[in-house]
>>> print(open('work_31.cif').read())   # mmCIF, C-alpha atoms
data_structure
#
loop_
_atom_site.label_atom_id
_atom_site.label_comp_id
_atom_site.auth_asym_id
_atom_site.auth_seq_id
_atom_site.Cartn_x
_atom_site.Cartn_y
_atom_site.Cartn_z
CA MET A 10 117.65 80.42 81.32
CA LYS A 11 118.52 82.60 78.36
CA ARG A 12 120.30 85.83 79.24
CA CYS A 13 118.17 88.31 77.31
CA LEU A 14 117.65 91.30 79.62
CA ASN A 15 119.75 94.46 79.60
CA SER A 16 119.88 97.44 81.96
CA TRP A 17 117.02 99.18 80.14
CA ASP A 18 114.74 96.17 80.69
CA LEU A 19 115.67 95.94 84.37
CA THR A 20 115.00 99.64 84.93
CA TRP A 21 111.40 99.28 83.79
CA VAL A 22 111.02 96.01 85.67
CA GLY A 23 111.86 97.86 88.88
CA PHE A 24 109.49 100.72 88.10
CA GLY A 25 106.72 98.42 86.91
CA ALA A 26 106.88 96.24 90.00
CA SER A 27 107.04 99.13 92.48
CA ILE A 28 104.59 101.78 91.33
CA GLY A 29 101.01 100.63 90.95
CA ALA A 30 98.18 100.07 93.38
CA GLY A 31 100.33 101.03 96.36
CA ILE A 32 100.81 104.61 95.31
CA PHE A 33 97.30 105.14 93.93
CA VAL A 34 95.28 103.24 96.54
CA LEU A 35 97.24 102.60 99.74
CA THR A 36 98.36 106.22 100.00
CA SER A 37 94.78 107.37 100.48
CA GLN A 38 93.90 104.62 102.95
CA GLU A 39 97.00 105.01 105.12
CA ALA A 40 96.67 108.80 105.15
CA HIS A 41 93.04 108.64 106.25
CA TYR A 42 93.20 105.87 108.84
CA ASP A 43 96.77 105.82 110.18
CA ALA A 44 99.24 108.59 109.43
CA GLY A 45 97.40 111.69 108.19
CA PRO A 46 99.64 114.15 106.31
CA ALA A 47 102.59 112.44 107.99
CA ILE A 48 102.19 109.69 105.39
CA VAL A 49 105.17 111.39 103.74
CA VAL A 50 107.27 110.51 106.79
CA SER A 51 105.81 107.00 106.72
CA TYR A 52 107.03 106.55 103.15
CA LEU A 53 110.47 107.84 104.08
CA ALA A 54 110.65 105.29 106.92
CA ALA A 55 109.47 102.51 104.60
CA GLY A 56 111.98 103.66 102.01
CA PHE A 57 114.85 103.51 104.51
CA SER A 58 114.02 99.93 105.50
CA THR A 59 113.62 99.02 101.85
CA MET A 60 117.04 100.40 100.95
CA VAL A 61 118.61 98.22 103.63
CA GLY A 62 117.07 95.22 101.88
CA VAL A 63 118.22 96.55 98.52
CA PHE A 64 121.87 96.56 99.60
CA ILE A 65 121.53 92.98 100.88
CA TYR A 66 119.91 91.86 97.63
CA MET A 67 122.62 93.61 95.62
CA GLU A 68 125.33 91.50 97.22
CA PHE A 69 123.43 88.23 96.95
CA ALA A 70 122.33 88.83 93.35
CA VAL A 71 125.93 89.39 92.28
CA GLU A 72 127.27 86.36 94.15
CA ILE A 73 124.34 84.06 93.24
CA PRO A 74 123.00 85.28 89.84
CA VAL A 75 120.27 82.65 89.44
CA ALA A 76 116.47 82.62 89.20
CA GLY A 77 114.50 82.62 92.43
CA GLY A 78 115.65 85.75 94.23
CA SER A 79 115.47 85.43 98.01
CA PHE A 80 114.38 81.80 97.75
CA ALA A 81 117.57 80.91 95.88
CA PHE A 82 119.72 82.98 98.24
CA LEU A 83 118.29 81.32 101.35
CA ARG A 84 118.56 77.87 99.83
CA VAL A 85 122.28 78.34 99.29
CA GLU A 86 122.97 80.00 102.64
CA LEU A 87 120.53 78.33 105.09
CA GLY A 88 119.23 75.22 103.36
CA ASP A 89 115.95 73.87 102.02
CA PHE A 90 113.69 74.43 105.02
CA ALA A 91 114.43 78.16 105.41
CA ALA A 92 114.09 78.59 101.65
CA PHE A 93 110.77 76.74 101.61
CA MET A 94 109.33 78.90 104.40
CA ALA A 95 110.42 82.07 102.62
CA ALA A 96 109.06 80.89 99.26
CA ALA A 97 105.71 79.90 100.79
CA ASN A 98 105.31 83.36 102.33
CA LEU A 99 106.43 85.10 99.14
CA LEU A 100 104.01 83.15 96.98
CA LEU A 101 101.14 83.81 99.40
CA ASP A 102 102.06 87.49 99.43
CA GLN A 103 102.11 87.64 95.62
CA MET A 104 98.75 85.89 95.26
CA LEU A 105 96.99 88.10 97.79
CA GLY A 106 98.72 91.17 96.37
CA ASN A 107 97.61 90.33 92.84
CA ALA A 108 94.02 90.00 94.00
CA THR A 109 94.19 93.39 95.73
CA VAL A 110 95.72 95.11 92.70
CA ALA A 111 93.16 93.60 90.33
CA LYS A 112 90.38 94.72 92.65
CA ALA A 113 91.78 98.24 92.61
CA TRP A 114 91.85 98.09 88.79
CA THR A 115 88.09 97.54 88.82
CA SER A 116 87.57 100.46 91.20
CA TYR A 117 89.44 102.88 88.95
CA LEU A 118 87.54 101.60 85.92
CA THR A 119 84.32 102.38 87.76
CA THR A 120 85.56 105.94 88.31
CA LEU A 121 86.55 106.26 84.67
CA LEU A 122 83.07 105.20 83.55
CA ASN A 123 81.50 107.52 86.14
CA ARG A 124 79.43 104.72 87.63
CA PRO A 125 78.44 104.02 91.26
CA PRO A 126 80.76 101.87 93.43
CA ASN A 127 80.29 98.08 93.05
CA SER A 128 78.22 98.62 89.92
CA LEU A 129 80.61 96.44 87.88
CA LEU A 130 80.55 93.59 90.40
CA ILE A 131 78.27 90.56 90.36
CA HIS A 132 75.97 90.47 93.41
CA THR A 133 75.25 86.99 94.78
CA ASN A 134 73.35 85.46 97.67
CA LEU A 135 76.48 84.43 99.51
CA LYS A 136 77.35 85.61 103.03
CA GLN A 137 77.69 89.36 103.47
CA GLY A 138 81.25 90.38 102.75
CA TYR A 139 81.72 87.49 100.32
CA ASN A 140 78.75 88.17 98.06
CA LEU A 141 80.45 90.40 95.47
CA LEU A 142 82.25 88.72 92.59
CA ASP A 143 84.68 90.66 90.41
CA PRO A 144 84.85 89.19 86.87
CA ILE A 145 86.89 92.16 85.60
CA ALA A 146 89.64 91.49 88.14
CA ILE A 147 89.76 87.82 87.09
CA THR A 148 89.96 88.84 83.43
CA VAL A 149 92.82 91.27 84.10
CA ILE A 150 94.82 88.64 86.00
CA THR A 151 94.21 86.09 83.24
CA ILE A 152 95.39 88.47 80.51
CA THR A 153 98.53 89.57 82.36
CA SER A 154 99.39 85.95 83.15
CA ALA A 155 99.00 85.04 79.46
CA ILE A 156 101.38 87.86 78.51
CA ALA A 157 103.93 86.77 81.11
CA ILE A 158 103.83 83.20 79.79
CA THR A 159 105.03 84.28 76.32
CA SER A 160 108.60 85.11 77.36
CA THR A 161 110.52 87.39 79.68
CA LYS A 162 111.78 89.60 76.87
CA LYS A 163 108.33 89.97 75.29
CA THR A 164 106.83 90.75 78.69
CA SER A 165 109.29 93.61 79.19
CA LEU A 166 107.91 95.48 76.16
CA PRO A 167 104.29 95.96 77.37
CA ASN A 168 105.71 96.54 80.84
CA TRP A 169 107.80 99.56 79.89
CA ILE A 170 105.08 100.97 77.60
CA ALA A 171 102.49 100.80 80.39
CA SER A 172 105.06 102.09 82.89
CA ALA A 173 105.86 105.07 80.63
CA VAL A 174 102.17 105.99 80.46
CA ASN A 175 101.94 105.64 84.21
CA ARG A 176 104.91 107.99 84.71
CA VAL A 177 103.16 110.67 82.68
CA VAL A 178 100.13 110.40 84.98
CA ILE A 179 102.35 110.50 88.07
CA LEU A 180 104.17 113.60 86.81
CA PHE A 181 100.82 115.28 86.18
CA VAL A 182 99.53 114.39 89.66
CA ILE A 183 102.64 115.79 91.34
CA ILE A 184 102.70 119.05 89.37
CA ALA A 185 98.94 119.68 89.39
CA GLY A 186 98.60 118.62 93.01
CA LEU A 187 101.37 120.90 94.27
CA ALA A 188 99.98 123.73 92.11
CA HIS A 189 96.72 123.49 94.08
CA ALA A 190 98.38 122.81 97.41
CA LYS A 191 97.17 124.36 100.64
CA THR A 192 99.58 124.43 103.55
CA SER A 193 96.59 124.62 105.91
CA ASN A 194 95.89 120.95 105.10
CA LEU A 195 99.16 120.08 106.86
CA THR A 196 98.39 121.88 110.12
CA LEU A 197 97.45 118.68 111.95
CA PHE A 198 100.50 116.94 110.54
CA MET A 199 100.70 113.90 112.82
CA PRO A 200 97.15 113.34 114.11
CA PHE A 201 97.71 109.72 115.15
CA GLY A 202 101.13 110.24 116.68
CA VAL A 203 104.32 108.32 116.05
CA LYS A 204 102.43 105.03 116.19
CA GLY A 205 100.31 106.12 113.23
CA VAL A 206 103.40 107.06 111.25
CA PHE A 207 104.90 103.61 111.63
CA GLN A 208 101.57 101.93 110.95
CA GLY A 209 101.49 103.84 107.69
CA ALA A 210 105.00 102.58 106.98
CA ALA A 211 104.05 98.94 107.55
CA PHE A 212 104.75 97.97 103.96
CA SER A 213 107.81 97.83 101.74
CA HIS A 214 108.53 98.72 98.16
CA GLY A 215 108.81 95.27 96.62
CA GLY A 216 110.17 96.12 93.20
CA PHE A 217 113.69 95.03 94.02
CA ASN A 218 112.40 91.47 94.44
CA ALA A 219 111.42 91.42 90.77
CA ILE A 220 114.88 92.55 89.65
CA ALA A 221 116.65 90.02 91.84
CA THR A 222 114.53 87.10 90.60
CA LEU A 223 115.62 87.85 87.01
CA ALA A 224 119.38 87.73 87.71
CA GLU A 225 119.78 84.50 85.73
CA GLU A 226 118.23 86.15 82.67
CA THR A 227 120.32 89.34 82.83
CA LYS A 228 123.15 89.69 80.34
CA LYS A 229 125.58 91.32 82.78
CA PRO A 230 124.19 90.67 86.28
CA SER A 231 127.30 91.77 88.18
CA ARG A 232 127.02 95.23 86.63
CA ASP A 233 123.33 95.74 85.86
CA ILE A 234 121.67 94.24 88.94
CA PRO A 235 123.30 96.55 91.56
CA VAL A 236 122.88 99.69 89.44
CA GLU A 237 119.23 99.04 88.64
CA LEU A 238 118.35 97.91 92.17
CA LEU A 239 119.74 101.08 93.70
CA GLY A 240 118.61 103.43 90.93
CA SER A 241 115.03 102.25 90.47
CA MET A 242 114.28 102.03 94.18
CA SER A 243 115.76 105.48 94.90
CA VAL A 244 113.54 107.04 92.23
CA THR A 245 110.54 105.03 93.47
CA ILE A 246 110.92 106.30 97.05
CA VAL A 247 111.12 109.93 95.85
CA ILE A 248 108.01 109.46 93.69
CA TYR A 249 106.06 107.93 96.59
CA CYS A 250 106.92 110.84 98.87
CA LEU A 251 106.07 113.51 96.29
CA MET A 252 102.77 111.82 95.45
CA ALA A 253 101.86 111.57 99.13
CA LEU A 254 102.76 115.23 99.67
CA SER A 255 100.67 116.42 96.73
CA LEU A 256 97.67 114.41 97.92
CA SER A 257 97.96 115.60 101.52
CA MET A 258 98.20 119.25 100.48
CA MET A 259 95.34 119.11 97.98
CA GLN A 260 92.74 117.80 100.39
CA LYS A 261 92.49 117.33 104.13
CA PHE A 262 92.88 113.73 105.22
CA THR A 263 89.65 113.75 107.24
CA GLU A 264 87.50 114.24 104.15
CA ASN A 265 85.89 111.60 101.96
CA GLN A 266 85.76 109.01 104.76
CA GLY A 267 88.33 106.60 103.41
CA HIS A 268 87.69 107.24 99.71
CA TYR A 269 90.63 109.63 99.71
CA ILE A 270 91.98 108.89 96.25
CA TYR A 271 93.59 111.19 93.72
CA SER A 272 90.59 111.39 91.42
CA VAL A 273 88.39 112.57 94.31
CA ALA A 274 91.08 114.97 95.50
CA PHE A 275 91.14 116.67 92.11
CA GLU A 276 87.38 117.12 92.31
CA SER A 277 87.86 119.06 95.54
CA VAL A 278 90.06 121.60 93.72
CA TRP A 279 87.60 121.94 90.81
CA MET A 280 89.56 119.85 88.36
CA ASN A 281 86.82 117.36 87.57
CA TRP A 282 88.35 116.42 84.21
CA ALA A 283 91.58 115.41 85.95
CA LYS A 284 89.94 112.50 87.74
CA TYR A 285 89.30 110.82 84.40
CA PHE A 286 92.91 111.33 83.37
CA VAL A 287 94.15 109.80 86.62
CA ALA A 288 91.59 106.98 86.43
CA PHE A 289 92.79 106.24 82.89
CA GLY A 290 96.48 106.15 83.78
CA ALA A 291 96.40 104.45 87.17
CA PRO A 292 95.27 101.03 85.87
CA LYS A 293 98.30 101.00 83.54
CA GLY A 294 100.56 101.00 86.58
CA MET A 295 98.51 98.26 88.18
CA ILE A 296 98.90 96.12 85.06
CA THR A 297 102.69 96.39 85.27
CA VAL A 298 102.54 95.31 88.91
CA LEU A 299 100.52 92.24 87.93
CA LEU A 300 102.93 91.41 85.09
CA MET A 301 106.00 91.63 87.30
CA ALA A 302 104.33 89.75 90.16
CA THR A 303 103.49 86.89 87.80
CA LEU A 304 107.12 86.71 86.67
CA GLN A 305 108.30 86.67 90.27
CA GLN A 306 105.97 83.83 91.21
CA SER A 307 107.26 81.64 88.39
CA ARG A 308 110.89 82.31 89.34
CA TYR A 309 110.30 81.39 92.97
CA CYS A 310 109.23 77.93 91.77
CA TRP A 311 112.14 77.43 89.39
CA GLU A 312 114.95 75.06 90.29
CA LYS A 313 117.95 74.59 88.06
CA LEU A 314 119.51 71.18 88.49
CA PRO A 315 123.11 70.54 87.39
CA LYS A 316 122.01 69.13 84.01
CA THR A 317 118.25 69.36 83.52
CA PRO A 318 116.14 72.35 84.63
CA ARG A 319 112.58 71.65 85.69
CA ILE A 320 109.68 73.16 87.58
CA PHE A 321 109.23 71.87 91.10
CA PHE A 322 107.52 72.62 94.36
CA PRO A 323 110.20 73.45 96.91
CA PRO A 324 111.83 71.68 98.68
CA CYS A 325 110.82 68.41 96.99
CA ALA A 326 113.80 68.44 94.65
CA ASN A 327 117.36 68.36 95.81
CA SER A 328 120.28 69.80 93.91
CA GLU A 329 123.85 70.61 94.61
#
>>> encode(input="work_31.cif", output="structure tokens")
Amino acid sequence: MKRCLNSWDLTWVGFGASIGAGIFVLTSQEAHYDAGPAIVVSYLAAGFSTMVGVFIYMEFAVEIPVAGGSFAFLRVELGDFAAFMAAANLLLDQMLGNATVAKAWTSYLTTLLNRPPNSLLIHTNLKQGYNLLDPIAITVITITSAIAITSTKKTSLPNWIASAVNRVVILFVIIAGLAHAKTSNLTLFMPFGVKGVFQGAAFSHGGFNAIATLAEETKKPSRDIPVELLGSMSVTIVIYCLMALSLSMMQKFTENQGHYIYSVAFESVWMNWAKYFVAFGAPKGMITVLLMATLQQSRYCWEKLPKTPRIFFPPCANSE
């Protein structure tokens, strides 16, 4: 593959892949159902485990700077079967994750248009729970996939533009949220105990996967990959914790019955206009997640043979 990415591109790849639906959607759900205000501690625990993975990926990406990320690393170290199992799980994770992110995009669009929940979905006569179709989510996935198909370098441009807009929204949420913070909302800090804290931490920041899968397309992988892996994930963990803290201090976790999202939280502090600003910016972050996830999926299925590169379904091809 052509080496066309520099450190600037990789920085925004890491941010774009890490900060999207997780911070805008999962934070509210995990705070309400599992961790309470201790969601901040949950994110610290998840960040610690993620950083362990980052250091491992740093070493592998420098020693094996090829497309495929963990799939390529496992194939070299443990053989085809271990690599196939990892790739199958990664691809399944990306597909389900993309569907979740696209669904969240529709939810925020509903908020932006000030319409009732599920009003943008198509209601069918199928079984309850499977009777709502989301054409907007399908359209978003189709568009992001079309952008990713153009080229890696061209994909990085809309990624960092959308990521920059998303960072402005995140900065606003942190500052405005802490400005309206109430320490009384943290009184019952760990309502579900230690178990709830670790249930809230049962996810990882996956942005470093995106950086590692692009090692073959990085101009100076031995220098840029470690720096960007460590830098982008450190900043991401700090942002997650600050966002969780601002949300927990703005509104008590027991309110809103699971619809504990930032736009609703701003309504509780009489900043009704802010929910539209957040609802406008949040989907930009979700788009970057979809873009980077699509790139990752393609790299997991890429095998470079000694002479002729080709797409294959692992482990059907064999190379040395």
>>> residues_near_point(input="work_31.cif", point="(104.3, 104.9, 107.3)", cutoff="10 Å", atoms="all atoms listed in the file", output="compact mmCIF listing (two decimals) with C-alpha atoms, in the frame of the given file")
# COMPACT_ATOMS: atom_id res chain seq x y z
CA THR A 36 98.36 106.22 100.00
CA GLU A 39 97.00 105.01 105.12
CA ALA A 40 96.67 108.80 105.15
CA ASP A 43 96.77 105.82 110.18
CA ALA A 44 99.24 108.59 109.43
CA GLY A 45 97.40 111.69 108.19
CA ALA A 47 102.59 112.44 107.99
CA ILE A 48 102.19 109.69 105.39
CA VAL A 49 105.17 111.39 103.74
CA VAL A 50 107.27 110.51 106.79
CA SER A 51 105.81 107.00 106.72
CA TYR A 52 107.03 106.55 103.15
CA LEU A 53 110.47 107.84 104.08
CA ALA A 54 110.65 105.29 106.92
CA ALA A 55 109.47 102.51 104.60
CA GLY A 56 111.98 103.66 102.01
CA VAL A 203 104.32 108.32 116.05
CA LYS A 204 102.43 105.03 116.19
CA GLY A 205 100.31 106.12 113.23
CA VAL A 206 103.40 107.06 111.25
CA PHE A 207 104.90 103.61 111.63
CA GLN A 208 101.57 101.93 110.95
CA GLY A 209 101.49 103.84 107.69
CA ALA A 210 105.00 102.58 106.98
CA ALA A 211 104.05 98.94 107.55
CA PHE A 212 104.75 97.97 103.96
CA SER A 213 107.81 97.83 101.74
>>> closest_residue(input="work_31.cif", among="A:Ser193, A:Thr148, A:Ser27, A:Ser243", to="A:Asn175", atoms="only C-alpha atoms")
A:Ser27
>>> resolve_selection(input="work_31.cif", expression="the PyMOL selection byres ((chain A and resi 111) around 10)", output="list in words")
Ala30, Gly106, Asn107, Ala108, Thr109, Val110, Lys112, Ala113, Trp114, Thr115, Ser116, Asp143, Ile145, Ala146, Ile147, Thr148, Val149, Ile150, Pro292, Met295, Ile296, Val298 and Leu299 of chain A
>>> resolve_selection(input="work_31.cif", expression="the PyMOL selection byres ((chain A and resi 214-231) around 8)", output="number ranges by chain")
A: 10-15, 19, 22-27, 55-56, 59, 63, 66-67, 70-71, 74-79, 212-213, 232-235, 237-238, 242, 301-302, 304-305, 308-309
>>> closest_residue(input="work_31.cif", among="A:Ala97, A:Ser16, A:Leu239, A:Ala190", to="A:Gly62", atoms="only C-alpha atoms")
A:Leu239
>>> atom_distance(input="work_31.cif", atom1="atom CA of A:Ile246", atom2="atom CA of A:Ser172")
15.9 Å
>>> atom_distance(input="work_31.cif", atom1="atom CA of A:Gln260", atom2="atom CA of A:Val278")
8.1 Å
>>> atom_distance(input="work_31.cif", atom1="atom CA of A:Phe69", atom2="atom CA of A:Gly240")
17.0 Å
>>> closest_residue(input="work_31.cif", among="A:Met94, A:Ile65, A:Ile32, A:Leu100", to="A:Ser307", atoms="all atoms listed in the file")
A:Leu100
>>> residues_around(input="work_31.cif", residues="A:Gly186", least_positions_apart="3", cutoff="7 Å", atoms="only C-alpha atoms", output="ChimeraX atom specification")
/A:182-183,189-190,255-256,259
>>> write_last_selection(input="work_31.cif", atoms="C-alpha atoms", output="mmCIF file, in the coordinates of the input")
data_model
loop_
_atom_site.group_PDB
_atom_site.id
_atom_site.type_symbol
_atom_site.label_atom_id
_atom_site.label_comp_id
_atom_site.auth_asym_id
_atom_site.auth_seq_id
_atom_site.Cartn_x
_atom_site.Cartn_y
_atom_site.Cartn_z
ATOM 1 C CA VAL A 182 99.530 114.390 89.660
ATOM 2 C CA ILE A 183 102.640 115.790 91.340
ATOM 3 C CA HIS A 189 96.720 123.490 94.080
ATOM 4 C CA ALA A 190 98.380 122.810 97.410
ATOM 5 C CA SER A 255 100.670 116.420 96.730
ATOM 6 C CA LEU A 256 97.670 114.410 97.920
ATOM 7 C CA MET A 259 95.340 119.110 97.980
#
>>> closest_residue(input="work_31.cif", among="A:Leu251, A:Ala288, A:Val177, A:Leu118", to="A:Phe275", atoms="all atoms listed in the file")
A:Ala288
>>> resolve_selection(input="work_31.cif", expression="the PyMOL selection byres ((chain A and resi 123) around 12)", output="PDB file with C-alpha atoms, keeping the file's coordinate frame")
ATOM      1  CA  SER A 116      87.570 100.460  91.200  1.00  0.00           C
ATOM      2  CA  TYR A 117      89.440 102.880  88.950  1.00  0.00           C
ATOM      3  CA  LEU A 118      87.540 101.600  85.920  1.00  0.00           C
ATOM      4  CA  THR A 119      84.320 102.380  87.760  1.00  0.00           C
ATOM      5  CA  THR A 120      85.560 105.940  88.310  1.00  0.00           C
ATOM      6  CA  LEU A 121      86.550 106.260  84.670  1.00  0.00           C
ATOM      7  CA  LEU A 122      83.070 105.200  83.550  1.00  0.00           C
ATOM      8  CA  ARG A 124      79.430 104.720  87.630  1.00  0.00           C
ATOM      9  CA  PRO A 125      78.440 104.020  91.260  1.00  0.00           C
ATOM     10  CA  PRO A 126      80.760 101.870  93.430  1.00  0.00           C
ATOM     11  CA  ASN A 127      80.290  98.080  93.050  1.00  0.00           C
ATOM     12  CA  SER A 128      78.220  98.620  89.920  1.00  0.00           C
ATOM     13  CA  LEU A 129      80.610  96.440  87.880  1.00  0.00           C
ATOM     14  CA  SER A 272      90.590 111.390  91.420  1.00  0.00           C
ATOM     15  CA  VAL A 273      88.390 112.570  94.310  1.00  0.00           C
ATOM     16  CA  ASN A 281      86.820 117.360  87.570  1.00  0.00           C
ATOM     17  CA  TRP A 282      88.350 116.420  84.210  1.00  0.00           C
ATOM     18  CA  LYS A 284      89.940 112.500  87.740  1.00  0.00           C
ATOM     19  CA  TYR A 285      89.300 110.820  84.400  1.00  0.00           C
ATOM     20  CA  ALA A 288      91.590 106.980  86.430  1.00  0.00           C
ATOM     21  CA  PHE A 289      92.790 106.240  82.890  1.00  0.00           C
TER      22      PHE A 289
END
